[in-house]
Amino acid sequence: MAFDAYVKREFKQVGTRVARPDGVDKVTGRALYGADMVAPGMLVGRVLRSPHAHARIVSIDTSEAAAMPGVKGIVTGRDFSVPKDEFLADVAVNCLAQDKALYDGHAIAAVAAINATVARDALKKIKVEYEVLPHVTDIDVAAKPDAPVVLEGRALETVPAGMGANVTHRCEFGHGDLEAGFAKADKIVERSFRTAATHQGYIEPHACLASFTTDGRADLWVCTQGHFYFRTLCSEMLGMEASQLKVTASEIGGGFGGKTTVYLEPVALMLSKKTGRPVKMVMTRDEVFRATGPTVSTSIDVKIGMTKDGRITAGWADMRYSGGAFQCLTCEMGAQAAFAAYDLEAVQTVGWNVMTNRPKEAAYRAPGAPQAIYAVESVVDELCQGLGLDPLEVRIKNAAKKGTKASYGPTFDDIGLLATLEAAKKHPHYTAPLAEGQARGLSCGFWFNFGGNTCVTMNVNTDGTVGIAEGNPDIGGSRASISLMAAEELGIPYEKVRTIIADTASLGYADTTDGSRVTFAVGIATINAARDAIRKMCKRAAMLWGIDEDAVEWKDGAAHPAGPNAGKFPPMSLADIAAKSFQTGGPIAGHYEVNADGAGVSFGVHLCDVEVDKETGATKVVRYTVFQDAGKAVHPDYVEGQMQGGAAQGIGWALNEEYIYGADGRLQNPGFLDYRIPVASDLPPIEAVILEIPNPGHPYGVRGVGETSIVPPLAAISNAISRSIGTRLQELPMSPPRVLKAIKGAA
Amino acid sequence: MRYEKPQTVAEAARLLSAEKGVARILAGGTDMLVQMKSGMVEPDLLVDIKALPGTRTIVKEAGGFRIGAGVSGAQLSEDADLKAAWPGVVEAANLIGSTQVQGRCTMVGNLCNASPAADSVPALVAAGAKVRVAGRGAGRDVAVEEIPAGPGKTKLKKGEFITSVFLPARGARCADAYLRFIPRTEMDIAVASAAVNLSLDEKGVIKDARVALGAVAPTVVLCEPAAKAIIGTRLDDAALEKLAAACSAAAKPIDDKRGSVEYRKDVVGVLAKRAARIAYTRAGGQK
């Protein structure tokens with residue numbers, strides 16, 4: 001058995017709802033977010049953005065702006081050398097355009113000035129000559145061979161000959177004989193779906209403060225999900241060595257995947273380098289919508305065959321994803337996730353990326369999966385309706401389980417799908433009577449979860465407390481969870497432990513906070529750092545007792561002589577050992593580095609009841625229950641929060657959220673007024689039912705929980721609406737005008 | 001930019017008339033400040049009218065209510081007499097923005113911002129409200145529907161501004177109601193809206209009515225055919241269908257990100273029916 005494999009145990013602290021360490025600071029306004037950082041002599045940076053969806057930049061004249069009093073520096077794409085690596089080059093070109101503006105809102109130039117007013121006025125004096133080019137924002141139009149070409153020569157060799165230039169990637173997954181599978185079906189349904197691009201909708205806009213010294217070192221304070229990755233991107237773009245750029249992560253006001261890449265940061269660093277002054281940049285909401293995020297827009301065909309008794313005989317999907325004006329591989333995630341919930345003999349999914357004149361896609365909570373699973377779960381539901389089958393029984397009948405060869409290749413280990421479905425079946429919600437005009441829908445959801453690189457240092461302080469330094473910005477309660485796991489392993493109270501997020505100079509590399517990896521991977525590192533500290537503390541106790549270190553064991557937060565032969569000594573607590581550490585060899589610290597594997601996939605099932613106003617097409621979600629496997633819920637409040645938060649975002653996606661482009665290729669709704677995330681009164685109480693099917697790959701059985709919860713709502717709500725109005729919508733969002741049109745069309 | 005807070009109407013009028021650049025009025029500021037922040041407008045002069053006499057008060061006048069141009073939505077909602085007399089107007093004004101915005105937003109600001117989707121405007125028009133316009137000459141009283149000229153534009157002349165809005169006295173068996181459709185439950189802008197103000201005779205027959213529609217034309221629509229459809233009825237189903245049809249026919253909306261022409265025409269009729277039912281019940285009518 002590997003050292004950190006799951007071992008069944010009775011938890012003393014893990015699983016309790018302890019006070020969150022950041023709670024008081026956040027509710028009192030003391031917490032420091034990206035825009036809260038200030039430095040003496042600081043300048044304000046602002047970005048000039050393209051008003052065109054697609055245009056050649058003929059010239060940029062900054063002379064008049066540069067001559068304005070109070071303007072200290074201006075940068076354009078020419079100040080950056082485009083990296084050779086194609087992926088990195090895309091990130092750089094997205095931060096500041098080179099020869100073309102590729103979407104409405106694409107950054108063209110940036111100014112640093114003594115204040116925001118001067119900076120804003122200076123932007124108006126920058127003269128950009130554009131040659132406006134034909135644009136394309138619709139994925140299906142962009143995929144056609146005669147569509148305006150966003151970027152030439154970007155197709156990978158995965159793309160077959162004869163496709164349009166905007167088609168840049170093709171991937172395929174699956175197994176079995178599709179034709180034979182469909183031949184066994186009693187009913188086959190084939191449908192096409194479209195989903196709108198949606199934004200992560202974090203409340204805190206992107207913000208950073210960059211300070212470049214004259215001897216070539218730099219500091220960056222930034223709101224980010226991954227300050228180590230930001231260091232990698234920025235140092236490469238600025239031609240710096242990683243050690244010379246120190247990045248510190250602020251508190252984060254929401255990320256959901258959208259703060260995993262840079263926009264302002266290299267620009268702020270370059271402005272600081274040019275002006276010799278600290279430069280602060282904060283996006284407006286308009287900029288956040290036009291130039292960051294969103295998720296992919298999609299167009300998906302699904303075909304599924306089913307027998308009369310509900311066995312799925314074959315599943316096929318062709319899914320076109322657009323990640324905006326650049327290459328994007330999110331289609332791979334969708335094509336892998338689409339049928340993950342099912343144990344299938346014959347399945348094939350094909351994913352495509354298509355470029356459009358839209359902002360560069362950024363990760364959004366389970367990137368690519370909600371769209372794919374929405375399409376699949378809609379067709380499964382339609383088959384259940386057509387064959388008169390219970391949708392939950394059909395999912396139980398076809399559910400993937402331990403030993404199932406997943407549609408995307410691997411064979412599943414212990415997974416929680418069946419337990420989750422059974423829990424939904426037993427829950428009172430599933431059989432609760434529906435009021436007149438209400439209908440119920442359900443959907444499965446899936447996410448891979450990731451592990452990755454992590455480094456943890458655990459400092460045992462001389463007063464018996466413990467400080468943990470880890471490298472992942474806390475976007476969902478990880479500081480509390482990490483402290484809890486440390487307290488559990490060390491055997492000291494949670495209150496004695498404080499976890500902080502160290503800057504990039506203070507700790508080894510940590511992958512970004514994404515892929516629901518932190519509680520899992522940092523948890524492994526924390527538990528092992530604690531075990532490292534314990535070994536060291538046992539050694540110190542052995543030294544004080546004058547016995548062999550192997551004769552000391554750790555239990556309940558103290559070193560004990562291991563058995564009668566070791567000698568009779570009273571136990572020495574962590575505090576006792578720490579207090580004497582200066583006499584026994586110096587400070588005590590545990591440490592661990594890992595590239596964690598075995599994250600363990602996560603499944604969820606959502607049940608929802610809706611009420612549709614048949615005269616206006618407005619949908620009200622009246623009851624909502626989430627069932628999800630957490631492996632082990634380290635801090636159940638946060639786990640429930642993740643389950644509810646994903647459901648809330650999914651409800652918004654299903655009903656109202658969308659990027660709306662005009663005929664001019666400009667974004668019509670770059671603000672929270674017309675980009676409608678749900679407000680509190682739009683949502684029902686969301687009940688969260690946590691299941692705990694231990695993940696074999698984590699010492700405490702933990703699985704990531706952050707992303708799966710956004711996957712099922714799209715289909716769960718669509719399935720409920722279709723049962724309410726007697727016809728099925730095949731496009732998201734299901735906004736009131738679309739629903740009313742469907743009702744009138746069906747009448 | 002200059003900021004001025006005059007103490008008299010005459011001084012305010014003088015400042016506004018004399019300004020050669022862009023002059024704007026600040027009352028609640030819930031539209032003005034957002035527009036300034038987003039760069040939509042960069043005023044040279046901002047005249048705060050909240051210190052002018054009568055702009056912050058609701059005063060009974062001739063049995064009706066004179067509401068100052070600086071009176072906030074929250075103040076309206078706390079005036080029991082006003083709410084009893086004009087529940088539709090108050091509920092319309094209280095739909096503007098959020099709880100926080102209600103502490104500052106004003107009906108006159110809502111009117112002068114001249115959005116076709118302004119919530120309080122259809123209710124004021126249905127109520128037959130008049131505004132008092134001040135300027136360099138003598139003040140004048142103007143029907144609310146005469147103020148908007150189109151999206152973002154009013155018929156007020158340079159130097160003119162509104163100091164108050166007047167809601168007339170109410171008799172027995174009168175009531176109004178306002179409904180809007182938004183895709184969310186709050187903090188949104190009407191896709192379509194309808195206000196109905198009616199009075200009943202002793203038998204519950206509608207003897208007078210005014211119906212006004214929002215967000216379905218460049219300006220608020222006072223829909224006389226809709227009123228005619230229900231006058232003389234007890235709001236039976238046939239009357240309601242005629243009302244809805246008249247509203248849909250009078251609507252001349254645009255296709256935009258908030259809704260299609262077809263959708264707005266449909267929904268404005270639905271809202272008018274529902275608002276009429278509420279007003280009828282409030283007035284004591286029984287079916």
# chains A, B, ... in the order shown; residues from 1 in each chain; ligands from 1
>>> residues_around(residues="B:Ala149", least_positions_apart="2", cutoff="12 Å", atoms="only C-alpha atoms", output="CSV table (one decimal) with C-alpha atoms, in the first residue's frame")
chain,number,residue,atom,x,y,z
B,111,LEU,CA,-39.0,60.5,-16.0
B,112,CYS,CA,-36.2,62.8,-17.1
B,113,ASN,CA,-33.8,59.9,-17.8
B,114,ALA,CA,-36.4,59.3,-20.5
B,115,SER,CA,-35.9,55.6,-20.8
B,116,PRO,CA,-38.9,54.0,-22.5
B,144,VAL,CA,-46.3,63.5,-17.5
B,145,GLU,CA,-46.9,61.9,-21.0
B,146,GLU,CA,-45.8,65.3,-22.5
B,147,ILE,CA,-42.3,65.1,-21.1
B,151,PRO,CA,-35.1,57.3,-25.6
B,152,GLY,CA,-32.8,59.6,-23.5
B,153,LYS,CA,-34.6,62.8,-24.7
B,154,THR,CA,-37.2,65.0,-23.0
B,155,LYS,CA,-39.2,68.0,-24.3
B,156,LEU,CA,-37.8,70.2,-21.6
B,157,LYS,CA,-36.1,73.3,-23.0
B,217,ALA,CA,-42.4,52.3,-28.0
B,218,PRO,CA,-39.9,55.1,-28.0
B,219,THR,CA,-41.9,56.8,-25.3
B,220,VAL,CA,-44.6,55.7,-22.8
B,221,VAL,CA,-47.9,54.8,-24.6
>>> residues_around(residues="stretch 276-280 of chain B", least_positions_apart="5", cutoff="6 Å", atoms="only C-alpha atoms", output="list in words")
Ala175, Asp176, Ala177, Val196 and Gly285 of chain B
>>> write_last_selection(atoms="C-alpha atoms", output="PDB file, in the first residue's frame")
ATOM      1  CA  ALA B 175     -57.370  52.117  -7.743  1.00  0.00           C
ATOM      2  CA  ASP B 176     -54.330  51.620  -9.885  1.00  0.00           C
ATOM      3  CA  ALA B 177     -51.797  48.864 -10.459  1.00  0.00           C
ATOM      4  CA  VAL B 196     -53.956  50.488 -15.245  1.00  0.00           C
ATOM      5  CA  GLY B 285     -64.724  45.282  -7.708  1.00  0.00           C
TER       6      GLY B 285
END
>>> interface_residues(of="chain B", to="chain A", cutoff="7 Å", atoms="only C-alpha atoms", output="short mmCIF file (atom, residue, chain, number, x, y, z; two decimals) with C-alpha atoms, in the first residue's frame")
data_model
loop_
_atom_site.label_atom_id
_atom_site.label_comp_id
_atom_site.auth_asym_id
_atom_site.auth_seq_id
_atom_site.Cartn_x
_atom_site.Cartn_y
_atom_site.Cartn_z
CA PRO B 183 -36.39 37.91 -16.81
CA ARG B 184 -35.15 38.03 -13.21
CA THR B 185 -37.12 38.74 -10.06
CA ASP B 188 -33.69 44.57 -13.84
CA LYS B 257 -31.25 42.06 -26.38
CA GLY B 259 -36.87 40.91 -26.09
CA TYR B 263 -42.56 38.83 -27.43
CA VAL B 267 -46.43 40.16 -22.99
CA VAL B 270 -50.74 39.79 -20.61
#
>>> closest_residue(among="B:Glu61, B:Glu19, B:Asp256, B:Asp266", to="B:Pro43", atoms="only C-alpha atoms")
B:Glu19
>>> residues_around(residues="B:Asp81", least_positions_apart="4", cutoff="12 Å", atoms="only C-alpha atoms", output="PyMOL selection string")
chain B and resi 58-60+63-65+75-77+85-87+90+169-170
>>> write_last_selection(atoms="N, CA and C atoms", output="mmCIF file, in the first residue's frame")
data_model
loop_
_atom_site.group_PDB
_atom_site.id
_atom_site.type_symbol
_atom_site.label_atom_id
_atom_site.label_comp_id
_atom_site.auth_asym_id
_atom_site.auth_seq_id
_atom_site.Cartn_x
_atom_site.Cartn_y
_atom_site.Cartn_z
ATOM 1 N N ILE B 58 -43.284 65.289 0.589
ATOM 2 C CA ILE B 58 -44.582 64.922 0.000
ATOM 3 C C ILE B 58 -45.618 65.742 0.762
ATOM 4 N N VAL B 59 -46.346 66.595 0.039
ATOM 5 C CA VAL B 59 -47.295 67.512 0.691
ATOM 6 C C VAL B 59 -48.686 67.288 0.111
ATOM 7 N N LYS B 60 -49.686 67.247 0.999
ATOM 8 C CA LYS B 60 -51.075 67.158 0.530
ATOM 9 C C LYS B 60 -51.464 68.494 -0.100
ATOM 10 N N GLY B 63 -56.316 67.865 -1.973
ATOM 11 C CA GLY B 63 -56.753 66.465 -1.843
ATOM 12 C C GLY B 63 -55.812 65.480 -2.497
ATOM 13 N N GLY B 64 -54.879 65.996 -3.260
ATOM 14 C CA GLY B 64 -53.892 65.108 -3.909
ATOM 15 C C GLY B 64 -52.540 65.213 -3.226
ATOM 16 N N PHE B 65 -51.512 64.829 -3.946
ATOM 17 C CA PHE B 65 -50.169 64.771 -3.351
ATOM 18 C C PHE B 65 -49.177 65.496 -4.250
ATOM 19 N N GLN B 75 -38.937 56.885 0.455
ATOM 20 C CA GLN B 75 -39.861 57.834 1.087
ATOM 21 C C GLN B 75 -41.298 57.594 0.633
ATOM 22 N N LEU B 76 -41.476 57.314 -0.650
ATOM 23 C CA LEU B 76 -42.815 57.037 -1.181
ATOM 24 C C LEU B 76 -43.422 55.843 -0.464
ATOM 25 N N SER B 77 -42.584 54.813 -0.282
ATOM 26 C CA SER B 77 -43.104 53.557 0.282
ATOM 27 C C SER B 77 -43.464 53.723 1.750
ATOM 28 N N ALA B 85 -53.776 55.743 -1.578
ATOM 29 C CA ALA B 85 -54.443 56.419 -2.692
ATOM 30 C C ALA B 85 -53.909 55.953 -4.049
ATOM 31 N N TRP B 86 -52.622 55.775 -4.151
ATOM 32 C CA TRP B 86 -51.990 55.462 -5.430
ATOM 33 C C TRP B 86 -51.046 54.255 -5.305
ATOM 34 N N PRO B 87 -51.594 53.094 -4.987
ATOM 35 C CA PRO B 87 -50.721 51.918 -4.783
ATOM 36 C C PRO B 87 -49.941 51.544 -6.043
ATOM 37 N N VAL B 90 -46.870 53.872 -6.435
ATOM 38 C CA VAL B 90 -45.823 53.577 -5.459
ATOM 39 C C VAL B 90 -45.153 52.236 -5.777
ATOM 40 N N ALA B 169 -56.367 64.077 -6.431
ATOM 41 C CA ALA B 169 -57.181 63.490 -5.357
ATOM 42 C C ALA B 169 -57.885 62.229 -5.841
ATOM 43 N N ARG B 170 -58.156 61.336 -4.921
ATOM 44 C CA ARG B 170 -58.845 60.087 -5.240
ATOM 45 C C ARG B 170 -60.242 60.090 -4.657
#
>>> select_by_dssp(residues="stretch 347-590 of chain A", states="alpha helix (DSSP H)", output="VMD selection string")
chain A and resid 369 to 387 391 to 398 417 to 426 428 to 431 478 to 490 523 to 545 574 to 579
>>> closest_residue(among="B:Val268, B:Ala172, B:Leu243, B:Ile231", to="B:Gly214", atoms="only C-alpha atoms")
B:Val268
>>> atom_distance(atom1="atom CA of A:Ala525", atom2="atom CA of A:Tyr592")
5.5 Å
>>> select_by_dssp(residues="stretch 86-233 of chain B", states="strand (DSSP E or B)", output="PyMOL selection string")
chain B and resi 106+130-134+140-143+148-150+153-154+161-167+174-181+192-200+206-214+221-222
>>> residues_around(residues="stretch 456-466 of chain A", least_positions_apart="2", cutoff="6 Å", atoms="only C-alpha atoms", output="compact mmCIF listing (two decimals) with C-alpha atoms, in the first residue's frame")
# COMPACT_ATOMS: atom_id res chain seq x y z
CA ILE A 468 1.16 26.21 7.19
CA ALA A 469 2.45 27.82 4.01
CA GLU A 470 0.86 26.56 0.82
CA LYS A 496 -3.96 26.13 16.82
CA VAL A 497 -3.35 25.98 13.08
CA ALA A 525 0.88 17.37 0.81
CA LEU A 574 3.52 18.98 20.34
CA ALA A 575 3.72 22.10 22.51
CA ALA A 578 8.18 22.71 20.30
CA ALA A 579 9.05 24.63 23.47
CA ILE A 588 10.88 22.11 13.62
CA ALA A 589 9.19 22.18 10.22
CA GLY A 590 7.50 19.54 8.14
CA HIS A 591 7.69 19.68 4.41
CA TYR A 592 6.31 17.80 1.41
>>> residues_around(residues="A:Thr195", least_positions_apart="4", cutoff="10 Å", atoms="only C-alpha atoms", output="PyMOL selection string")
chain A and resi 296-300+321+370-372+374-375+653-654+658+714+730-734
>>> write_last_selection(atoms="N, CA and C atoms", output="compact mmCIF listing (two decimals), in the first residue's frame")
# COMPACT_ATOMS: atom_id res chain seq x y z
N VAL A 296 -16.89 28.52 -23.60
CA VAL A 296 -17.13 28.28 -25.02
C VAL A 296 -18.61 28.42 -25.37
N SER A 297 -18.87 28.84 -26.61
CA SER A 297 -20.22 28.68 -27.17
C SER A 297 -20.19 27.36 -27.95
N THR A 298 -21.32 26.68 -28.02
CA THR A 298 -21.29 25.35 -28.64
C THR A 298 -22.48 25.10 -29.55
N SER A 299 -22.27 24.10 -30.39
CA SER A 299 -23.32 23.58 -31.27
C SER A 299 -23.09 22.07 -31.30
N ILE A 300 -24.04 21.30 -30.82
CA ILE A 300 -23.80 19.88 -30.54
C ILE A 300 -24.91 19.01 -31.12
N TYR A 321 -17.15 23.33 -30.51
CA TYR A 321 -16.95 24.32 -29.45
C TYR A 321 -16.19 25.49 -30.03
N PRO A 370 -20.43 20.96 -18.92
CA PRO A 370 -21.87 21.24 -18.80
C PRO A 370 -22.58 21.20 -20.15
N GLN A 371 -21.94 21.76 -21.19
CA GLN A 371 -22.57 21.83 -22.51
C GLN A 371 -22.81 20.42 -23.07
N ALA A 372 -21.76 19.58 -22.99
CA ALA A 372 -21.84 18.22 -23.55
C ALA A 372 -22.88 17.39 -22.82
N TYR A 374 -25.34 18.47 -20.98
CA TYR A 374 -26.68 19.03 -21.24
C TYR A 374 -27.30 18.37 -22.47
N ALA A 375 -26.51 18.26 -23.54
CA ALA A 375 -27.04 17.70 -24.79
C ALA A 375 -27.36 16.21 -24.61
N TRP A 653 -27.17 29.93 -16.07
CA TRP A 653 -26.77 29.51 -17.42
C TRP A 653 -27.97 28.94 -18.18
N ALA A 654 -28.74 28.12 -17.49
CA ALA A 654 -29.88 27.47 -18.13
C ALA A 654 -30.95 28.48 -18.53
N GLU A 658 -26.20 34.80 -21.21
CA GLU A 658 -25.69 34.58 -22.57
C GLU A 658 -24.91 35.79 -23.04
N LEU A 714 -28.08 22.40 -16.25
CA LEU A 714 -28.58 22.80 -17.58
C LEU A 714 -29.64 21.82 -18.06
N GLN A 730 -34.06 23.37 -27.49
CA GLN A 730 -32.76 22.80 -27.80
C GLN A 730 -31.67 23.86 -27.84
N GLU A 731 -31.95 24.96 -27.15
CA GLU A 731 -30.97 26.04 -27.13
C GLU A 731 -30.97 26.70 -25.76
N LEU A 732 -29.76 26.99 -25.29
CA LEU A 732 -29.61 27.71 -24.03
C LEU A 732 -29.15 29.14 -24.33
N PRO A 733 -29.57 30.11 -23.49
CA PRO A 733 -30.45 29.92 -22.34
C PRO A 733 -31.92 29.80 -22.74
N MET A 734 -32.68 29.23 -21.82
CA MET A 734 -34.11 29.10 -22.02
C MET A 734 -34.77 30.36 -21.45
>>> residues_around(residues="stretch 508-522 of chain A", least_positions_apart="4", cutoff="7 Å", atoms="only C-alpha atoms", output="ChimeraX atom specification")
/A:225-226,228-229,257,260,449-455,471-473,478,481-482,526,596,599,698,702-707
>>> atom_distance(atom1="atom CA of A:Gly665", atom2="atom CA of A:Pro134")
9.4 Å
